[in-house]
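Chemist: Just so it is clear, I am handing over target31.cif, which has mmCIF, C-alpha atoms and all ligand atoms.
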```cif
data_entry
loop_
_atom_site.label_atom_id
_atom_site.label_comp_id
_atom_site.auth_asym_id
_atom_site.auth_seq_id
_atom_site.Cartn_x
_atom_site.Cartn_y
_atom_site.Cartn_z
CA MET H 1 28.37 -47.75 47.35
CA LYS H 2 25.00 -49.44 47.17
CA ILE H 3 24.25 -53.07 46.51
CA ALA H 4 20.98 -53.84 44.75
CA GLY H 5 19.25 -56.76 43.11
CA ILE H 6 17.39 -55.95 39.92
CA ASP H 7 15.23 -58.34 37.93
CA LEU H 8 14.65 -57.09 34.39
CA GLY H 9 11.38 -58.91 33.88
CA ASN H 10 9.59 -58.72 30.57
CA ASP H 11 6.44 -57.89 32.50
CA SER H 12 7.86 -55.87 35.36
CA ILE H 13 11.20 -54.74 36.70
CA LYS H 14 11.82 -55.47 40.36
CA VAL H 15 14.44 -53.75 42.50
CA VAL H 16 15.50 -54.49 46.04
CA HIS H 17 18.24 -52.69 47.96
CA ASP H 18 20.59 -54.14 50.50
CA GLY H 19 19.28 -53.32 53.95
CA SER H 20 15.67 -52.94 52.84
CA ARG H 21 13.27 -55.83 52.31
CA GLU H 22 10.87 -53.45 50.59
CA PRO H 23 10.95 -54.23 46.86
CA VAL H 24 9.86 -51.78 44.19
CA ILE H 25 8.03 -53.09 41.14
CA VAL H 26 7.75 -51.07 37.93
CA PRO H 27 5.76 -52.41 34.96
CA ASN H 28 8.08 -52.83 31.98
CA ILE H 29 6.10 -50.47 29.79
CA VAL H 30 7.12 -47.21 28.14
CA THR H 31 5.66 -44.57 25.84
CA PRO H 32 7.33 -41.53 24.35
CA GLY H 33 7.02 -38.69 26.87
CA TYR H 34 5.80 -35.13 26.41
CA GLU H 35 4.73 -32.06 28.43
CA ARG H 36 1.70 -33.34 30.33
CA HIS H 37 -1.34 -31.33 31.34
CA ILE H 38 -1.57 -32.12 34.99
CA LEU H 39 -5.01 -31.55 36.51
CA GLN H 40 -4.09 -33.17 39.77
CA GLU H 41 -0.61 -34.26 40.68
CA GLU H 42 -0.29 -37.99 41.42
CA ASP H 43 0.19 -38.90 45.08
CA SER H 44 3.32 -40.97 44.51
CA PRO H 45 6.32 -40.70 42.17
CA LEU H 46 5.78 -44.31 41.05
CA LYS H 47 2.46 -43.36 39.49
CA ALA H 48 4.09 -40.81 37.21
CA LEU H 49 7.61 -41.75 36.23
CA ASP H 50 8.45 -39.24 33.52
CA VAL H 51 12.14 -39.23 32.63
CA THR H 52 14.83 -38.33 30.15
CA VAL H 53 17.52 -40.99 29.99
CA TYR H 54 21.10 -40.92 28.80
CA SER H 55 23.19 -44.06 28.60
CA PRO H 56 26.08 -45.06 26.35
CA SER H 57 24.28 -48.40 25.92
CA LEU H 58 21.09 -46.95 24.40
CA THR H 59 20.55 -46.56 20.68
CA HIS H 60 18.50 -43.38 21.13
CA ASN H 61 19.69 -41.00 23.76
CA ASN H 62 18.25 -38.11 25.72
CA ARG H 63 14.72 -39.11 24.83
CA ARG H 64 11.84 -38.47 27.15
CA TRP H 65 9.84 -41.46 28.34
CA PHE H 66 6.77 -42.18 30.41
CA VAL H 67 7.61 -45.32 32.33
CA GLY H 68 5.60 -47.96 34.19
CA LEU H 69 2.13 -47.14 35.51
CA LEU H 70 1.93 -43.82 33.68
CA ALA H 71 2.60 -45.57 30.37
CA SER H 72 0.24 -48.46 31.08
CA GLU H 73 -2.71 -46.03 30.98
CA LEU H 74 -1.89 -44.78 27.49
CA GLU H 75 -3.05 -46.22 24.20
CA ASP H 76 0.31 -46.24 22.44
CA ASN H 77 2.18 -48.06 25.16
CA ILE H 78 4.76 -50.64 24.27
CA GLU H 79 4.90 -53.99 26.04
CA LEU H 80 7.60 -56.46 25.15
CA GLU H 81 7.11 -59.25 22.64
CA ASP H 82 8.49 -62.75 22.24
CA MET H 83 11.31 -61.67 19.98
CA ASP H 84 12.65 -59.17 22.50
CA ASN H 85 15.84 -60.19 24.21
CA LYS H 86 16.12 -58.60 27.63
CA ALA H 87 19.91 -58.60 27.45
CA LEU H 88 19.77 -56.22 24.49
CA SER H 89 16.46 -54.44 24.97
CA ASP H 90 16.63 -50.64 25.16
CA GLN H 91 13.19 -50.53 26.73
CA SER H 92 14.22 -52.78 29.61
CA LEU H 93 17.32 -50.67 30.20
CA VAL H 94 15.29 -47.45 30.29
CA VAL H 95 12.89 -48.92 32.85
CA ALA H 96 15.74 -50.47 34.85
CA LEU H 97 17.72 -47.22 35.08
CA THR H 98 14.58 -45.31 36.01
CA ALA H 99 13.84 -47.84 38.75
CA LEU H 100 17.41 -47.68 40.08
CA ALA H 101 17.38 -43.87 40.06
CA PHE H 102 14.03 -43.76 41.85
CA THR H 103 14.88 -46.34 44.51
CA GLY H 104 18.37 -44.93 44.95
CA ILE H 105 17.23 -41.45 45.90
CA THR H 106 14.07 -42.33 47.77
CA HIS H 107 14.49 -45.67 49.40
CA SER H 108 17.54 -45.73 51.53
CA SER H 109 19.35 -43.86 54.22
CA TYR H 110 21.14 -42.00 51.46
CA GLN H 111 19.95 -38.40 51.62
CA THR H 112 20.98 -35.68 49.31
CA SER H 113 20.90 -32.01 49.65
CA SER H 114 18.86 -29.58 47.69
CA PHE H 115 17.25 -29.65 44.27
CA SER H 116 19.09 -28.77 41.08
CA GLN H 117 22.12 -30.65 42.35
CA THR H 118 22.92 -33.92 40.69
CA ASP H 119 22.58 -37.02 42.83
CA GLU H 120 25.34 -39.50 42.25
CA LEU H 121 24.75 -43.16 42.98
CA GLU H 122 27.26 -45.94 42.78
CA TYR H 123 26.06 -49.49 42.51
CA VAL H 124 27.07 -53.11 42.51
CA ILE H 125 24.06 -54.90 41.08
CA GLY H 126 22.99 -58.51 40.90
CA THR H 127 20.74 -59.45 38.01
CA GLY H 128 19.98 -62.39 35.72
CA LEU H 129 19.14 -63.86 32.34
CA PRO H 130 16.98 -66.81 31.26
CA VAL H 131 18.61 -70.22 30.82
CA ARG H 132 18.36 -69.98 27.04
CA THR H 133 20.09 -66.60 26.68
CA TYR H 134 22.57 -66.81 29.56
CA THR H 135 25.60 -68.30 27.85
CA ARG H 136 25.36 -66.33 24.65
CA PHE H 137 24.44 -62.91 26.02
CA ARG H 138 25.85 -62.74 29.54
CA GLU H 139 28.92 -60.78 28.59
CA GLN H 140 27.11 -58.31 26.38
CA PHE H 141 24.46 -57.78 29.04
CA GLU H 142 27.12 -57.06 31.62
CA GLN H 143 28.81 -54.55 29.32
CA ARG H 144 25.54 -52.72 28.69
CA LEU H 145 24.88 -52.35 32.40
CA VAL H 146 28.31 -51.43 33.67
CA GLY H 147 29.22 -47.77 33.22
CA GLU H 148 27.71 -44.37 33.75
CA HIS H 149 24.11 -43.52 33.01
CA GLU H 150 21.91 -40.52 33.72
CA VAL H 151 18.23 -40.19 34.55
CA MET H 152 16.46 -36.85 34.79
CA PHE H 153 13.00 -36.72 36.34
CA MET H 154 10.64 -34.40 34.47
CA SER H 155 7.05 -34.02 35.75
CA THR H 156 7.32 -36.77 38.38
CA PRO H 157 5.77 -35.55 41.65
CA GLN H 158 8.31 -34.89 44.43
CA LEU H 159 11.21 -35.51 42.05
CA ARG H 160 10.65 -32.89 39.37
CA GLY H 161 13.94 -31.62 38.00
CA ARG H 162 16.13 -34.10 39.92
CA LYS H 163 19.04 -35.42 37.93
CA VAL H 164 20.57 -38.74 38.96
CA LYS H 165 23.92 -40.10 37.83
CA ILE H 166 24.10 -43.86 38.15
CA ARG H 167 27.48 -45.47 38.08
CA ILE H 168 27.26 -49.25 37.92
CA ARG H 169 30.63 -50.55 39.01
CA LYS H 170 29.87 -54.22 38.71
CA ALA H 171 27.00 -56.38 37.48
CA VAL H 172 26.83 -59.98 38.66
CA ILE H 173 24.66 -62.02 36.29
CA SER H 174 22.90 -65.18 37.49
CA ILE H 175 20.40 -67.54 35.90
CA GLU H 176 16.68 -66.96 36.37
CA GLY H 177 15.17 -69.54 38.64
CA ALA H 178 18.55 -70.63 40.00
CA ALA H 179 19.02 -67.38 41.89
CA ALA H 180 15.51 -67.80 43.25
CA LEU H 181 16.48 -71.16 44.68
CA PHE H 182 19.60 -69.66 46.27
CA ASN H 183 17.26 -67.22 47.99
CA LEU H 184 15.07 -70.04 49.29
CA ALA H 185 18.10 -72.00 50.53
CA THR H 186 19.76 -69.18 52.47
CA GLN H 187 18.99 -66.65 55.17
CA GLU H 188 19.51 -62.91 54.99
CA ASN H 189 23.13 -63.30 56.20
CA LEU H 190 23.72 -66.01 53.56
CA GLN H 191 23.83 -68.85 56.13
CA ILE H 192 22.07 -72.02 55.04
CA GLN H 193 18.41 -72.05 56.00
CA ASN H 194 17.16 -75.07 54.08
CA GLU H 195 19.45 -78.13 53.97
CA GLU H 196 17.25 -80.05 51.57
CA ILE H 197 17.48 -77.35 48.91
CA TYR H 198 21.10 -76.54 49.62
CA ASN H 199 22.35 -80.11 49.35
CA GLY H 200 19.72 -81.73 47.17
CA VAL H 201 18.83 -82.15 43.51
CA ILE H 202 16.04 -79.66 42.93
CA GLY H 203 13.92 -78.90 39.89
CA VAL H 204 12.73 -75.35 39.36
CA CYS H 205 10.05 -74.13 37.02
CA GLU H 206 10.07 -70.36 36.88
CA ILE H 207 7.12 -69.03 34.91
CA GLY H 208 7.63 -65.47 33.69
CA ALA H 209 5.81 -63.31 31.20
CA LEU H 210 7.70 -64.37 28.08
CA THR H 211 9.98 -67.15 29.23
CA THR H 212 9.71 -70.21 31.45
CA ASP H 213 12.96 -71.47 32.91
CA LEU H 214 13.53 -74.98 34.18
CA PRO H 215 16.97 -75.12 35.74
CA VAL H 216 17.97 -78.27 37.63
CA ILE H 217 20.15 -77.48 40.62
CA ARG H 218 22.50 -79.98 42.28
CA ARG H 219 23.95 -78.87 45.59
CA MET H 220 23.45 -75.27 44.48
CA ASN H 221 25.18 -75.87 41.14
CA ILE H 222 23.39 -75.64 37.82
CA ASP H 223 23.14 -78.93 35.99
CA ASN H 224 24.38 -78.16 32.48
CA HIS H 225 22.81 -81.16 30.95
CA PHE H 226 19.26 -81.06 32.23
CA SER H 227 18.62 -77.33 32.67
CA TYR H 228 16.43 -75.93 30.05
CA GLY H 229 14.27 -72.96 29.02
CA GLU H 230 11.12 -72.39 27.00
CA GLN H 231 10.23 -69.35 24.97
CA MET H 232 6.76 -69.12 26.45
CA GLY H 233 5.19 -67.55 29.48
CA LEU H 234 1.99 -66.08 30.81
CA ALA H 235 1.94 -63.09 28.45
CA GLY H 236 0.86 -65.15 25.43
CA TYR H 237 -2.12 -66.45 27.39
CA LEU H 238 -2.99 -62.97 28.64
CA ASP H 239 -2.98 -61.79 25.01
CA LEU H 240 -5.35 -64.61 24.07
CA ILE H 241 -7.68 -63.65 26.91
CA ILE H 242 -7.63 -60.00 25.82
CA ARG H 243 -8.54 -60.99 22.28
CA GLU H 244 -11.33 -63.33 23.38
CA VAL H 245 -12.82 -60.72 25.73
CA GLU H 246 -12.76 -58.26 22.84
CA ASP H 247 -14.56 -60.71 20.54
CA GLN H 248 -17.18 -61.75 23.09
CA PHE H 249 -17.87 -58.47 24.84
CA GLY H 250 -16.37 -55.71 22.71
CA TYR H 251 -14.32 -54.66 25.71
CA THR H 252 -10.63 -53.91 25.26
CA PHE H 253 -7.97 -54.02 27.98
CA PRO H 254 -5.36 -51.36 27.10
CA SER H 255 -2.46 -53.57 28.24
CA ARG H 256 -1.62 -56.98 29.62
CA ALA H 257 -0.63 -55.21 32.81
CA LYS H 258 -4.22 -53.96 33.23
CA LEU H 259 -5.64 -57.44 32.75
CA SER H 260 -3.21 -59.15 35.10
CA GLN H 261 -3.88 -56.46 37.72
CA ARG H 262 -7.56 -57.41 37.55
CA ILE H 263 -6.81 -61.10 37.81
CA LYS H 264 -4.53 -60.47 40.78
CA GLN H 265 -7.37 -58.68 42.55
CA GLN H 266 -9.77 -61.44 41.47
CA ASN H 267 -11.95 -58.77 39.98
CA TYR H 268 -13.36 -60.40 36.86
CA VAL H 269 -16.31 -58.11 36.19
CA ILE H 270 -16.12 -55.75 33.25
CA GLN H 271 -18.41 -52.84 32.47
CA ARG H 272 -19.74 -52.94 28.93
CA ILE H 273 -20.83 -49.73 27.26
CA GLY H 274 -24.58 -49.43 27.78
CA GLU H 275 -24.99 -53.15 28.33
CA GLY H 276 -24.36 -53.75 31.98
CA GLN H 277 -21.72 -56.05 33.36
CA SER H 278 -20.14 -59.36 32.40
CA SER H 279 -17.69 -61.75 34.04
CA ILE H 280 -14.53 -62.72 32.20
CA LYS H 281 -13.82 -65.55 34.67
CA PRO H 282 -14.87 -68.37 32.28
CA ILE H 283 -12.47 -67.05 29.63
CA VAL H 284 -9.64 -66.76 32.16
CA ASP H 285 -10.34 -70.32 33.36
CA THR H 286 -10.17 -71.72 29.85
CA TYR H 287 -6.83 -70.20 28.93
CA PHE H 288 -5.19 -70.58 32.33
CA SER H 289 -6.10 -74.29 32.44
CA ARG H 290 -4.51 -74.67 29.05
CA ALA H 291 -1.36 -72.85 30.19
CA ALA H 292 -1.18 -74.99 33.34
CA GLN H 293 -1.50 -78.20 31.36
CA ARG H 294 1.37 -77.18 29.14
CA ILE H 295 3.58 -76.31 32.11
CA VAL H 296 2.78 -79.57 33.89
CA ASP H 297 3.72 -81.46 30.73
CA LEU H 298 7.08 -79.68 30.68
CA ILE H 299 7.69 -80.55 34.32
CA LYS H 300 6.77 -84.21 33.82
CA LYS H 301 9.10 -84.43 30.86
CA ARG H 302 11.98 -82.95 32.86
CA TRP H 303 11.35 -85.26 35.78
CA LYS H 304 11.30 -88.32 33.54
CA LYS H 305 14.59 -87.30 31.91
CA CYS H 306 16.21 -86.61 35.27
CA PRO H 307 14.62 -88.96 37.81
CA ASP H 308 16.94 -88.03 40.67
CA ILE H 309 15.16 -84.67 41.03
CA GLN H 310 13.81 -84.71 44.60
CA CYS H 311 11.18 -82.01 44.29
CA PHE H 312 9.98 -79.29 41.96
CA TYR H 313 9.55 -75.66 42.95
CA VAL H 314 7.15 -73.70 40.77
CA ILE H 315 7.82 -69.97 41.06
CA GLY H 316 7.63 -66.63 39.22
CA GLY H 317 4.58 -64.46 38.67
CA GLY H 318 3.13 -67.12 36.43
CA ALA H 319 3.11 -69.61 39.31
CA ALA H 320 1.13 -67.18 41.45
CA ALA H 321 -1.35 -66.67 38.64
CA LEU H 322 -1.72 -70.33 37.71
CA LYS H 323 -1.44 -72.02 41.12
CA PRO H 324 -4.96 -73.54 41.37
CA TYR H 325 -4.87 -74.59 37.72
CA LEU H 326 -1.41 -76.15 38.10
CA ILE H 327 -2.46 -78.14 41.17
CA ASP H 328 -5.43 -79.38 39.22
CA ALA H 329 -3.40 -80.31 36.14
CA ALA H 330 -0.64 -82.00 38.17
CA GLY H 331 -2.94 -84.62 39.72
CA PRO H 332 -0.84 -86.91 41.93
CA ILE H 333 2.40 -85.09 41.14
CA LYS H 334 3.39 -82.83 44.02
CA LEU H 335 4.55 -79.34 43.18
CA ARG H 336 5.94 -76.85 45.66
CA PHE H 337 4.81 -73.25 45.73
CA VAL H 338 6.23 -70.36 47.76
CA GLN H 339 5.11 -66.94 48.97
CA ASP H 340 6.03 -63.84 46.93
CA SER H 341 6.79 -66.07 44.05
CA GLU H 342 7.59 -63.31 41.51
CA LEU H 343 10.13 -61.75 43.89
CA GLN H 344 12.27 -64.84 44.53
CA ASN H 345 14.65 -64.04 41.67
CA VAL H 346 15.31 -60.47 42.68
CA TYR H 347 15.94 -61.45 46.32
CA GLY H 348 18.32 -64.11 44.98
CA TYR H 349 20.14 -61.62 42.74
CA LEU H 350 20.71 -59.32 45.71
CA LYS H 351 22.14 -62.21 47.75
CA VAL H 352 24.42 -63.29 44.92
CA ALA H 353 25.72 -59.72 44.57
CA LYS H 354 26.26 -59.43 48.32
CA ASN H 355 28.07 -62.74 48.31
CA ARG H 356 30.37 -61.54 45.54
CA VAL H 357 31.12 -58.27 47.32
CA ASN H 358 31.93 -60.17 50.54
CA GLN H 359 34.21 -62.54 48.65
CA SER H 360 36.12 -59.74 46.97
CA LEU H 361 36.48 -58.01 50.35
CA THR H 362 37.99 -61.14 51.87
CA THR H 363 40.35 -61.73 48.96
CA ASP H 364 41.32 -58.04 48.98
CA THR H 365 42.31 -58.23 52.61
CA ALA H 366 44.02 -61.58 52.11
CA GLN H 367 46.20 -60.16 49.40
N1 LIG C 401 -0.90 -63.05 41.49
C1 LIG C 401 -0.95 -62.92 40.16
N2 LIG C 401 -2.12 -63.13 39.49
C2 LIG C 401 -2.17 -63.01 38.15
N3 LIG C 401 -1.14 -62.71 37.38
C3 LIG C 401 0.04 -62.52 37.98
C4 LIG C 401 0.22 -62.61 39.38
N4 LIG C 401 1.49 -62.35 39.68
C5 LIG C 401 2.10 -62.11 38.49
N5 LIG C 401 1.23 -62.21 37.47
C6 LIG C 401 1.52 -62.11 36.04
O1 LIG C 401 2.37 -63.20 35.73
C7 LIG C 401 3.24 -62.86 34.66
C8 LIG C 401 4.65 -63.18 35.02
O2 LIG C 401 5.10 -62.30 36.05
P1 LIG C 401 6.66 -62.16 36.36
O3 LIG C 401 6.81 -60.99 37.24
O4 LIG C 401 7.19 -63.45 36.83
O5 LIG C 401 7.22 -61.88 34.90
P2 LIG C 401 8.59 -61.21 34.48
O6 LIG C 401 9.64 -61.65 35.42
O7 LIG C 401 8.40 -59.76 34.36
O8 LIG C 401 8.80 -61.82 33.04
P3 LIG C 401 10.02 -62.71 32.46
O9 LIG C 401 10.44 -63.64 33.54
O10 LIG C 401 9.47 -63.38 31.26
O11 LIG C 401 11.07 -61.72 32.12
C9 LIG C 401 3.00 -61.39 34.39
O12 LIG C 401 2.21 -61.29 33.23
C10 LIG C 401 2.28 -60.89 35.62
O13 LIG C 401 1.44 -59.81 35.32
MG MG C 402 10.97 -63.17 35.46
#
```
Is it possible to express this structure as structure tokens?
Ligand SMILES: Nc1ncnc2c1ncn2[C@@H]1O[C@H](COP(=O)(O)OP(=O)(O)OP(=O)(O)O)[C@@H](O)[C@H]1O
Ligand SMILES: [Mg+2]
Modeler:
Amino acid sequence: MKIAGIDLGNDSIKVVHDGSREPVIVPNIVTPGYERHILQEEDSPLKALDVTVYSPSLTHNNRRWFVGLLASELEDNIELEDMDNKALSDQSLVVALTALAFTGITHSSYQTSSFSQTDELEYVIGTGLPVRTYTRFREQFEQRLVGEHEVMFMSTPQLRGRKVKIRIRKAVISIEGAAALFNLATQENLQIQNEEIYNGVIGVCEIGALTTDLPVIRRMNIDNHFSYGEQMGLAGYLDLIIREVEDQFGYTFPSRAKLSQRIKQQNYVIQRIGEGQSSIKPIVDTYFSRAAQRIVDLIKKRWKKCPDIQCFYVIGGGAAALKPYLIDAAGPIKLRFVQDSELQNVYGYLKVAKNRVNQSLTTDTAQ
């Protein structure tokens, strides 16, 4: 049986397996799939995830989907919107199962025999929900994940025709941001690595694509009273930038993913048809400063309401994107940033799942 952490992000789904620090990130984007004309096969399966998915939890079954990078290139791709609830989203489940199937058969020591045979994978997974949806949707989310699902790879290079059965035996659901802090507080073997976080009162601001979570953690327990979530994230600001770039330069980014890729690479120059090049940096600066100001206001408000918070960790992909703007907006208020900020949750989910498996092993033997 495998243990994996999986973060069903509205922007991207992250998977990490026990025993491998190497995470896999798949953009949470799909389009309906079809027989592709392939001029040149892609050099990695991740560039062309083309699958048919069956799951008792999906509304529409046995449909063919292009998933992740392949879908992000296409015009009719679907990215998630504010109203989407990741606990109930079919799209997120399709991408998640595809990611688990891919990582399961390629990433670990697990080797299967020949083609045409079905690979069978059994999982205990750790995952999470935002503060705002956790209480109401945790149970439903768990039920959707647990069970037997099937992913068939279609035109994906190296995996063409492989059928993967995924049996999820158990899903341990944590809270976004809180799991990230658990990761920061503990080592790989779950021993304490940071006393201050482990025993302190810590504020977290986890900036995602569609949600921002602000759990307050006391000695590794969630504070019910002060923890809080906002229905906003970086995606809304990326959409505003896309619109503004369109208005000013007549240049259209096909997806948020394409824009944020550019920003990540600090490549702000766009090629206009027949009109040379322009920089979108001033537009990015305007909207990102605005986003940062709003986040800093949220943090200040939290800190005022709960003055025993010792320090505030700002994490998630949004923190990586907004870091210089947040520092600027925060003025004298000190915020803490960490490396690999968008992966802290998924590492935390894996540790929580491992912890649970260890616990049940010890109680099993004790009984
Ligand atoms: N270094 C970076 N520079 C610019 N943008 C980034 C960077 N890292 C992540 N992003 C963007 O930040 C946003 C949030 O990323 P993150 O991975 O935290 O979202 P998510 O977990 O998928 O969403 P949610 O938490 O709402 O479900 C995304 O739009 C992503 O593209
Ligand atoms: Mg997230």
Chemist: List as a PDB file with C-alpha atoms, in the coordinates of the input the protein and nucleic acid residues near H:Ala87, meaning an atom at most 10 Å away when all atoms listed in the file are counted, but skip any in the same chain fewer than 5 places from it.
Modeler:
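Okay, this is what ended up in part-v6.pdb:
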```pdb
ATOM      1  CA  LEU H   8      14.650 -57.090  34.390  1.00  0.00           C
ATOM      2  CA  SER H  92      14.220 -52.780  29.610  1.00  0.00           C
ATOM      3  CA  LEU H  93      17.320 -50.670  30.200  1.00  0.00           C
ATOM      4  CA  GLY H 128      19.980 -62.390  35.720  1.00  0.00           C
ATOM      5  CA  LEU H 129      19.140 -63.860  32.340  1.00  0.00           C
ATOM      6  CA  PRO H 130      16.980 -66.810  31.260  1.00  0.00           C
ATOM      7  CA  THR H 133      20.090 -66.600  26.680  1.00  0.00           C
ATOM      8  CA  TYR H 134      22.570 -66.810  29.560  1.00  0.00           C
ATOM      9  CA  ARG H 136      25.360 -66.330  24.650  1.00  0.00           C
ATOM     10  CA  PHE H 137      24.440 -62.910  26.020  1.00  0.00           C
ATOM     11  CA  ARG H 138      25.850 -62.740  29.540  1.00  0.00           C
ATOM     12  CA  GLU H 139      28.920 -60.780  28.590  1.00  0.00           C
ATOM     13  CA  GLN H 140      27.110 -58.310  26.380  1.00  0.00           C
ATOM     14  CA  PHE H 141      24.460 -57.780  29.040  1.00  0.00           C
ATOM     15  CA  GLU H 142      27.120 -57.060  31.620  1.00  0.00           C
ATOM     16  CA  GLN H 143      28.810 -54.550  29.320  1.00  0.00           C
ATOM     17  CA  ARG H 144      25.540 -52.720  28.690  1.00  0.00           C
ATOM     18  CA  LEU H 145      24.880 -52.350  32.400  1.00  0.00           C
TER      19      LEU H 145
END
```
Chemist: Show me, as a list in words, the residues that have an atom within 8 Å of H:Ala329 when counting only C-alpha atoms, minus same-chain residues fewer than 4 positions from it.
Modeler: Ser289, Ala292, Gln293, Val296 and Tyr325 of chain H
Chemist: Restrict the selected residues to C-alpha atoms and save them as an mmCIF file, keeping the file's coordinate frame.
Modeler:
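Produced file selection.cif, reproduced below:
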```
data_model
loop_
_atom_site.group_PDB
_atom_site.id
_atom_site.type_symbol
_atom_site.label_atom_id
_atom_site.label_comp_id
_atom_site.auth_asym_id
_atom_site.auth_seq_id
_atom_site.Cartn_x
_atom_site.Cartn_y
_atom_site.Cartn_z
ATOM 1 C CA SER H 289 -6.100 -74.290 32.440
ATOM 2 C CA ALA H 292 -1.180 -74.990 33.340
ATOM 3 C CA GLN H 293 -1.500 -78.200 31.360
ATOM 4 C CA VAL H 296 2.780 -79.570 33.890
ATOM 5 C CA TYR H 325 -4.870 -74.590 37.720
#
```
Chemist: Which residues are near ligand MG 402 (chain C) in this structure, taking near to mean any atom at most 8 Å from a ligand atom and counting all atoms listed in the file? Format them as a ChimeraX atom specification.
Modeler: /H:7-12,176,206-209,211,316-317,342,345
Chemist: Store the residues picked out above, limited to C-alpha atoms, as a PDB file, in the coordinates of the input.
Modeler:
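Output file selection-v2.pdb follows:
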```pdb
ATOM      1  CA  ASP H   7      15.230 -58.340  37.930  1.00  0.00           C
ATOM      2  CA  LEU H   8      14.650 -57.090  34.390  1.00  0.00           C
ATOM      3  CA  GLY H   9      11.380 -58.910  33.880  1.00  0.00           C
ATOM      4  CA  ASN H  10       9.590 -58.720  30.570  1.00  0.00           C
ATOM      5  CA  ASP H  11       6.440 -57.890  32.500  1.00  0.00           C
ATOM      6  CA  SER H  12       7.860 -55.870  35.360  1.00  0.00           C
ATOM      7  CA  GLU H 176      16.680 -66.960  36.370  1.00  0.00           C
ATOM      8  CA  GLU H 206      10.070 -70.360  36.880  1.00  0.00           C
ATOM      9  CA  ILE H 207       7.120 -69.030  34.910  1.00  0.00           C
ATOM     10  CA  GLY H 208       7.630 -65.470  33.690  1.00  0.00           C
ATOM     11  CA  ALA H 209       5.810 -63.310  31.200  1.00  0.00           C
ATOM     12  CA  THR H 211       9.980 -67.150  29.230  1.00  0.00           C
ATOM     13  CA  GLY H 316       7.630 -66.630  39.220  1.00  0.00           C
ATOM     14  CA  GLY H 317       4.580 -64.460  38.670  1.00  0.00           C
ATOM     15  CA  GLU H 342       7.590 -63.310  41.510  1.00  0.00           C
ATOM     16  CA  ASN H 345      14.650 -64.040  41.670  1.00  0.00           C
TER      17      ASN H 345
END
```
Chemist: What is the distance, in Å and to one decimal place, between atom CA of H:Arg132 and atom CA of H:Ile222?
Modeler: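 Between atom CA of H:Arg132 and atom CA of H:Ile222 the gap is 13.2 Å.
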Chemist: I need the residue nearest ligand LIG 401 (chain C) from this list: H:Ile315, H:Val67, H:Ile241, H:Ala4. Use only C-alpha atoms and all ligand atoms for the distance.
Modeler: H:Ile315
Chemist: Which residues are near H:Leu159? Cut-off 9 Å, only C-alpha atoms, ignore same chain within fewer than 3 positions. Put them as a PyMOL selection string.
Modeler: chain H and resi 45+102+115+153-156+162-163
Chemist: Out of H:Gln91, H:Ser174, H:Thr103, H:Gln248, which residue has the shortest atom-to-atom distance to H:Arg356 when counting only C-alpha atoms?
Modeler: H:Ser174
Chemist: H:Leu343: which residues within 12 Å, counting all atoms listed in the file, same-chain residues fewer than 2 positions away excluded, as an NGL selection string?
Modeler: :H and (5-9 or 12-16 or 21-25 or 176-177 or 179-181 or 183-184 or 206-208 or 315-320 or 338-341 or 345-350)
